[in-house]
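**Q** Structure supplied as run.cif; contents: mmCIF, C-alpha atoms.
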```
data_protein
loop_
_atom_site.label_atom_id
_atom_site.label_comp_id
_atom_site.auth_asym_id
_atom_site.auth_seq_id
_atom_site.Cartn_x
_atom_site.Cartn_y
_atom_site.Cartn_z
CA MET A 221 13.55 -40.16 -2.26
CA ASN A 222 12.24 -43.68 -1.75
CA SER A 223 12.79 -45.25 1.69
CA ARG A 224 12.34 -48.88 0.69
CA PRO A 225 15.43 -51.00 0.04
CA ALA A 226 16.58 -50.64 -3.54
CA SER A 227 17.10 -53.70 -5.69
CA PHE A 228 19.79 -53.62 -8.30
CA ASP A 229 21.41 -56.09 -10.63
CA GLU A 230 24.94 -56.82 -11.84
CA LEU A 231 24.84 -54.04 -14.45
CA ASP A 232 23.88 -51.56 -11.73
CA ARG A 233 26.82 -52.82 -9.65
CA LYS A 234 29.16 -52.25 -12.58
CA ILE A 235 27.81 -48.73 -13.09
CA ILE A 236 28.23 -47.96 -9.39
CA THR A 237 31.77 -49.36 -9.42
CA ALA A 238 32.69 -47.20 -12.42
CA LEU A 239 31.23 -44.07 -10.82
CA MET A 240 32.95 -44.76 -7.51
CA ALA A 241 36.28 -45.08 -9.32
CA ASN A 242 35.69 -41.84 -11.24
CA ALA A 243 32.42 -39.93 -10.88
CA ARG A 244 33.28 -37.95 -14.02
CA THR A 245 33.22 -41.02 -16.26
CA SER A 246 30.71 -40.38 -19.02
CA PHE A 247 27.64 -42.53 -19.48
CA ALA A 248 28.99 -43.43 -22.95
CA GLU A 249 32.29 -44.68 -21.45
CA ILE A 250 30.47 -46.71 -18.82
CA GLY A 251 28.06 -48.09 -21.42
CA ALA A 252 30.90 -49.15 -23.71
CA ALA A 253 32.60 -50.96 -20.83
CA ILE A 254 29.49 -52.88 -19.72
CA GLY A 255 27.58 -53.32 -22.96
CA LEU A 256 24.81 -50.72 -22.61
CA SER A 257 23.93 -47.55 -24.49
CA SER A 258 24.66 -44.23 -22.80
CA THR A 259 20.89 -43.65 -22.58
CA ALA A 260 20.39 -46.94 -20.74
CA VAL A 261 23.22 -46.06 -18.33
CA LYS A 262 21.66 -42.64 -17.68
CA ARG A 263 18.26 -44.22 -16.97
CA ARG A 264 19.87 -46.61 -14.52
CA VAL A 265 21.87 -43.84 -12.81
CA ASP A 266 18.70 -41.74 -12.51
CA ARG A 267 16.89 -44.70 -10.93
CA LEU A 268 19.81 -45.37 -8.56
CA ARG A 269 19.71 -41.72 -7.48
CA GLU A 270 15.92 -41.74 -7.03
CA THR A 271 16.05 -44.87 -4.86
CA GLY A 272 18.88 -43.49 -2.72
CA VAL A 273 21.54 -45.99 -3.78
CA ILE A 274 23.62 -43.16 -5.25
CA THR A 275 23.50 -40.27 -2.79
CA GLY A 276 25.71 -37.77 -4.61
CA PHE A 277 28.85 -37.05 -6.55
CA THR A 278 31.95 -35.44 -5.13
CA ALA A 279 35.56 -34.50 -5.79
CA THR A 280 38.40 -35.90 -3.69
CA VAL A 281 40.77 -33.16 -2.59
CA ARG A 282 44.21 -33.45 -1.05
CA PRO A 283 43.59 -32.16 2.51
CA SER A 284 46.90 -30.29 2.79
CA ALA A 285 45.95 -28.22 -0.27
CA LEU A 286 43.03 -26.87 1.76
CA GLY A 287 45.10 -26.21 4.87
CA TRP A 288 44.32 -29.44 6.73
CA ARG A 289 47.82 -30.54 7.78
CA THR A 290 46.92 -32.21 11.08
CA GLU A 291 44.43 -35.02 11.47
CA ALA A 292 43.19 -36.97 14.47
CA TYR A 293 40.46 -39.24 15.72
CA VAL A 294 38.93 -38.27 19.04
CA GLU A 295 37.01 -40.65 21.29
CA VAL A 296 34.37 -38.74 23.26
CA TYR A 297 33.13 -39.95 26.65
CA CYS A 298 29.98 -38.32 28.00
CA GLU A 299 28.49 -37.89 31.47
CA GLY A 300 25.45 -40.12 31.58
CA ALA A 301 23.72 -40.99 28.34
CA ALA A 302 24.10 -38.12 25.89
CA PRO A 303 21.53 -38.57 23.13
CA PRO A 304 22.96 -38.77 19.61
CA ARG A 305 20.85 -35.74 18.64
CA ARG A 306 22.66 -33.61 21.26
CA LEU A 307 26.06 -34.90 20.11
CA ALA A 308 25.12 -34.05 16.52
CA GLU A 309 24.27 -30.48 17.52
CA VAL A 310 27.67 -30.07 19.17
CA VAL A 311 29.74 -31.45 16.29
CA ARG A 312 27.92 -29.23 13.77
CA ASN A 313 29.35 -26.25 15.66
CA HIS A 314 32.92 -27.32 14.93
CA PRO A 315 33.82 -27.04 11.22
CA GLU A 316 37.05 -28.95 11.88
CA ILE A 317 35.05 -32.11 12.63
CA THR A 318 34.75 -33.81 9.24
CA ALA A 319 32.97 -36.96 10.44
CA ALA A 320 31.27 -38.01 13.64
CA MET A 321 29.53 -41.17 14.71
CA THR A 322 28.22 -42.88 17.81
CA VAL A 323 30.08 -46.11 18.53
CA THR A 324 30.01 -49.24 20.63
CA GLY A 325 32.61 -49.85 23.31
CA GLY A 326 33.76 -47.49 26.03
CA ALA A 327 33.46 -44.24 24.10
CA ASP A 328 30.12 -42.65 23.24
CA ALA A 329 31.27 -41.10 19.97
CA LEU A 330 34.21 -40.99 17.58
CA LEU A 331 35.14 -37.74 15.82
CA HIS A 332 37.39 -37.27 12.80
CA VAL A 333 39.09 -33.90 13.18
CA ARG A 334 41.21 -32.00 10.66
CA ALA A 335 43.11 -28.88 11.65
CA ARG A 336 45.76 -26.52 10.27
CA ASP A 337 48.39 -27.63 12.79
CA VAL A 338 48.79 -29.12 16.27
CA GLU A 339 48.02 -25.81 17.96
CA HIS A 340 44.76 -25.50 16.01
CA PHE A 341 43.91 -29.11 16.88
CA GLU A 342 44.51 -28.36 20.56
CA GLU A 343 42.15 -25.37 20.34
CA VAL A 344 39.46 -27.56 18.74
CA LEU A 345 39.95 -30.21 21.41
CA GLU A 346 39.55 -27.62 24.17
CA ARG A 347 36.31 -26.35 22.57
CA ILE A 348 34.97 -29.92 22.43
CA ARG A 349 35.98 -30.55 26.06
CA ALA A 350 34.20 -27.34 27.15
CA GLU A 351 30.82 -28.88 26.39
CA PRO A 352 29.16 -29.50 29.77
CA PHE A 353 28.31 -33.16 29.17
CA ILE A 354 31.75 -34.20 27.87
CA ARG A 355 33.55 -36.15 30.61
CA LYS A 356 36.79 -36.88 28.75
CA THR A 357 38.37 -37.34 25.34
CA ILE A 358 41.11 -39.58 24.03
CA SER A 359 42.89 -38.45 20.86
CA VAL A 360 44.88 -40.39 18.31
CA MET A 361 46.90 -38.38 15.78
CA VAL A 362 47.11 -39.70 12.21
CA LEU A 363 50.68 -40.03 10.97
CA SER A 364 50.04 -41.35 7.47
CA HIS A 365 47.35 -43.01 5.38
CA LEU A 366 48.12 -46.60 4.45
CA LEU A 367 45.34 -46.50 1.84
CA PRO A 368 45.91 -43.04 0.29
CA ASP A 369 43.03 -43.42 -2.19
CA SER A 370 40.44 -44.16 0.50
CA PRO A 371 37.70 -41.60 1.20
CA GLU A 372 39.15 -41.04 4.67
CA ALA A 373 42.40 -39.79 3.11
CA GLY A 374 40.56 -37.07 1.20
CA ALA A 375 38.49 -34.07 2.22
CA THR A 376 34.96 -33.22 1.25
CA GLN A 377 34.81 -29.72 2.64
CA ALA A 378 37.12 -26.74 2.76
CA ALA A 379 39.23 -26.03 5.82
CA PRO A 380 38.27 -23.01 7.90
CA ASP A 381 40.14 -19.92 6.72
CA ALA A 382 41.68 -21.90 3.83
CA ALA A 383 42.41 -20.05 0.61
CA ALA A 384 39.96 -20.95 -2.13
CA GLY A 385 40.52 -21.28 -5.84
CA ASP A 386 43.65 -22.67 -7.41
CA ALA A 387 45.11 -23.89 -4.10
CA ALA A 388 42.90 -26.98 -4.28
CA ASP A 389 44.48 -29.99 -5.92
CA VAL A 390 41.53 -31.98 -7.20
CA ARG A 391 42.35 -35.55 -8.21
#
```
With the file now loaded, output its structure as structure tokens.

**A**
Amino acid sequence: MNSRPASFDELDRKIITALMANARTSFAEIGAAIGLSSTAVKRRVDRLRETGVITGFTATVRPSALGWRTEAYVEVYCEGAAPPRRLAEVVRNHPEITAAMTVTGGADALLHVRARDVEHFEEVLERIRAEPFIRKTISVMVLSHLLPDSPEAGATQAAPDAAAGDAADVR
């Protein structure tokens, strides 16, 4: 993968927009919409992947279909300066953490947690708090998504112990 900034034009933007709306849109459909052949669209998509503009393709899944019925954001406050690398090691050990980032402000990190129910969430929170460098956490439970089609409203990985197969409702 190339590490230099990728340059792309308006046709590339239209291709990216189409793929973001529906990654299963065929190159022929995209080409017809923007005035290119399917071969030209494929070449552009290949180039966008090679340069790291397009990083992958995914399905959006209704979280409750996978067993994620409880969702929260957790602010993490550390003793001293916990390096991001150490925080990353910790969050990788918790499959319920679906996103994690270091942040500005009072907290050191912000975690997006999905769990089966409140009891499961409490268990996850206690495991996070057991880390020796975690001073405190502040949790905010999600009640509903105001933008239900946003990536944050979907799931990109299966819930722990969730049934696989036809239980997933792929949009």

**Q** In Å, how far is it from atom CA of Glu291 of chain A to atom CA of Thr275 of chain A?

**A**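 The value is 25.9 Å.
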
**Q** Run the PyMOL selection byres ((chain A and resi 322-324) around 12) mentally over the shown coordinates, then write out the matched residues as a PyMOL selection string, using the chain letters and numbers from the document.

**A** chain A and resi 294-298+301-308+311+319-321+325-332

**Q** Closest to Asp232 of chain A among A:Ile348, A:Val265, A:Ala253, A:Ala292, using only C-alpha atoms?

**A**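 Ranking A:Ile348, A:Val265, A:Ala253, A:Ala292 by distance to Asp232 of chain A, first place goes to A:Val265.
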
**Q** Report, in Å to a single decimal, how far apart atom CA of Glu339 of chain A and atom CA of Ile354 of chain A are.

**A**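 Atom CA of Glu339 of chain A lies at a distance of 20.8 Å from atom CA of Ile354 of chain A.
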
**Q** At most 10 Å is the cut-off: for each residue in segment 233-266 of chain A with any atom that close to an atom of segment 278-289 of chain A, write down the nearest atom pair and the distance in Å rounded to one decimal, counting only C-alpha atoms, chain first then increasing number, as a tab-separated table.

**A**
```
residue	atom	partner	partner_atom	distance
A:Met240	CA	A:Thr278	CA	9.7
A:Asn242	CA	A:Ala279	CA	9.1
A:Ala243	CA	A:Thr278	CA	7.3
A:Arg244	CA	A:Ala279	CA	9.2
```

**Q** Find the distance between atom CA of His340 of chain A and atom CA of Met361 of chain A and write it in Å to one decimal.

**A**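 About the pair atom CA of His340 of chain A and atom CA of Met361 of chain A: they are 13.1 Å apart.
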
**Q** Would you place a box with edges along x, y and z of the file around all atoms of segment 241-253 of chain A listed there, add 3 Å to each of its six sides, and report the centre and edge lengths in Å to one decimal, as lines of an AutoDock Vina configuration file?

**A**
```
center_x = 32.0
center_y = -44.5
center_z = -16.5
size_x = 14.6
size_y = 19.0
size_z = 20.4
```

**Q** Using only C-alpha atoms, collect all residues at a distance of at most 12 Å from (48.9, -37.8, 8.5) as written in the file, then present them as a ChimeraX atom specification.

**A** /A:282-284,288-293,333-338,360-368,372-374

**Q** Can you tell me, as a compact mmCIF listing (two decimals) with C-alpha atoms, in the frame of the given file, what residues are no more than 8 Å from segment 246-249 of chain A when counting all atoms listed in the file, ignoring any on the same chain fewer than 2 positions away?

**A**
```
# COMPACT_ATOMS: atom_id res chain seq x y z
CA ARG A 244 33.28 -37.95 -14.02
CA GLY A 251 28.06 -48.09 -21.42
CA ALA A 252 30.90 -49.15 -23.71
CA ALA A 253 32.60 -50.96 -20.83
CA SER A 257 23.93 -47.55 -24.49
CA SER A 258 24.66 -44.23 -22.80
CA THR A 259 20.89 -43.65 -22.58
CA VAL A 261 23.22 -46.06 -18.33
CA LYS A 262 21.66 -42.64 -17.68
```

**Q** Can you tell me, as a list in words, what residues are no more than 7 Å from segment 226-231 of chain A when counting all atoms listed in the file, ignoring any on the same chain fewer than 3 positions away?

**A**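 What passes the distance filter is Lys234, Ile235, Thr271 and Val273 of chain A.
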
**Q** Counting all atoms listed in the file, which of A:Ile236, A:Thr245, A:His314, A:Glu309 gets nearest to Arg264 of chain A?

**A**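 Closest residue, counting all atoms listed in the file: A:Ile236.
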
**Q** Contacts of Glu299 of chain A at 9 Å or less, counting all atoms listed in the file, minus same-chain residues fewer than 5 places along, as a ChimeraX atom specification?

**A** /A:352-356

**Q** Hey, can you spit out that residue selection with C-alpha atoms as a compact mmCIF listing (two decimals), keeping the file's coordinate frame?

**A**
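Now in selection29.txt:
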```txt
# COMPACT_ATOMS: atom_id res chain seq x y z
CA PRO A 352 29.16 -29.50 29.77
CA PHE A 353 28.31 -33.16 29.17
CA ILE A 354 31.75 -34.20 27.87
CA ARG A 355 33.55 -36.15 30.61
CA LYS A 356 36.79 -36.88 28.75
```

**Q** Could you pull segment 265-277 of chain A out of the structure just shown and give N, CA and C atoms as a PDB file, in the first residue's frame?

**A**
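As a result, decode_0.pdb now contains:
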```pdb
ATOM      1  N   VAL A 265     -11.251   1.872  -9.195  1.00  0.00           N
ATOM      2  CA  VAL A 265     -11.427   1.256  -7.873  1.00  0.00           C
ATOM      3  C   VAL A 265     -10.140   0.546  -7.466  1.00  0.00           C
ATOM      4  N   ASP A 266      -9.521  -0.174  -8.384  1.00  0.00           N
ATOM      5  CA  ASP A 266      -8.254  -0.843  -8.084  1.00  0.00           C
ATOM      6  C   ASP A 266      -7.199   0.171  -7.634  1.00  0.00           C
ATOM      7  N   ARG A 267      -7.114   1.292  -8.341  1.00  0.00           N
ATOM      8  CA  ARG A 267      -6.149   2.333  -7.984  1.00  0.00           C
ATOM      9  C   ARG A 267      -6.478   2.933  -6.618  1.00  0.00           C
ATOM     10  N   LEU A 268      -7.754   3.168  -6.351  1.00  0.00           N
ATOM     11  CA  LEU A 268      -8.160   3.722  -5.058  1.00  0.00           C
ATOM     12  C   LEU A 268      -7.855   2.752  -3.912  1.00  0.00           C
ATOM     13  N   ARG A 269      -7.937   1.461  -4.190  1.00  0.00           N
ATOM     14  CA  ARG A 269      -7.572   0.465  -3.168  1.00  0.00           C
ATOM     15  C   ARG A 269      -6.062   0.439  -2.974  1.00  0.00           C
ATOM     16  N   GLU A 270      -5.315   0.470  -4.068  1.00  0.00           N
ATOM     17  CA  GLU A 270      -3.847   0.423  -3.993  1.00  0.00           C
ATOM     18  C   GLU A 270      -3.274   1.627  -3.251  1.00  0.00           C
ATOM     19  N   THR A 271      -3.887   2.783  -3.419  1.00  0.00           N
ATOM     20  CA  THR A 271      -3.390   3.998  -2.768  1.00  0.00           C
ATOM     21  C   THR A 271      -3.954   4.179  -1.361  1.00  0.00           C
ATOM     22  N   GLY A 272      -4.818   3.278  -0.923  1.00  0.00           N
ATOM     23  CA  GLY A 272      -5.325   3.342   0.443  1.00  0.00           C
ATOM     24  C   GLY A 272      -6.513   4.261   0.647  1.00  0.00           C
ATOM     25  N   VAL A 273      -7.065   4.795  -0.438  1.00  0.00           N
ATOM     26  CA  VAL A 273      -8.272   5.616  -0.299  1.00  0.00           C
ATOM     27  C   VAL A 273      -9.443   4.714   0.099  1.00  0.00           C
ATOM     28  N   ILE A 274      -9.616   3.615  -0.612  1.00  0.00           N
ATOM     29  CA  ILE A 274     -10.606   2.604  -0.240  1.00  0.00           C
ATOM     30  C   ILE A 274      -9.858   1.556   0.570  1.00  0.00           C
ATOM     31  N   THR A 275     -10.294   1.347   1.805  1.00  0.00           N
ATOM     32  CA  THR A 275      -9.579   0.432   2.699  1.00  0.00           C
ATOM     33  C   THR A 275     -10.267  -0.916   2.837  1.00  0.00           C
ATOM     34  N   GLY A 276     -11.475  -1.061   2.309  1.00  0.00           N
ATOM     35  CA  GLY A 276     -12.159  -2.342   2.396  1.00  0.00           C
ATOM     36  C   GLY A 276     -13.635  -2.201   2.086  1.00  0.00           C
ATOM     37  N   PHE A 277     -14.298  -3.321   2.073  1.00  0.00           N
ATOM     38  CA  PHE A 277     -15.729  -3.385   1.822  1.00  0.00           C
ATOM     39  C   PHE A 277     -16.351  -4.175   2.960  1.00  0.00           C
TER      40      PHE A 277
END
```
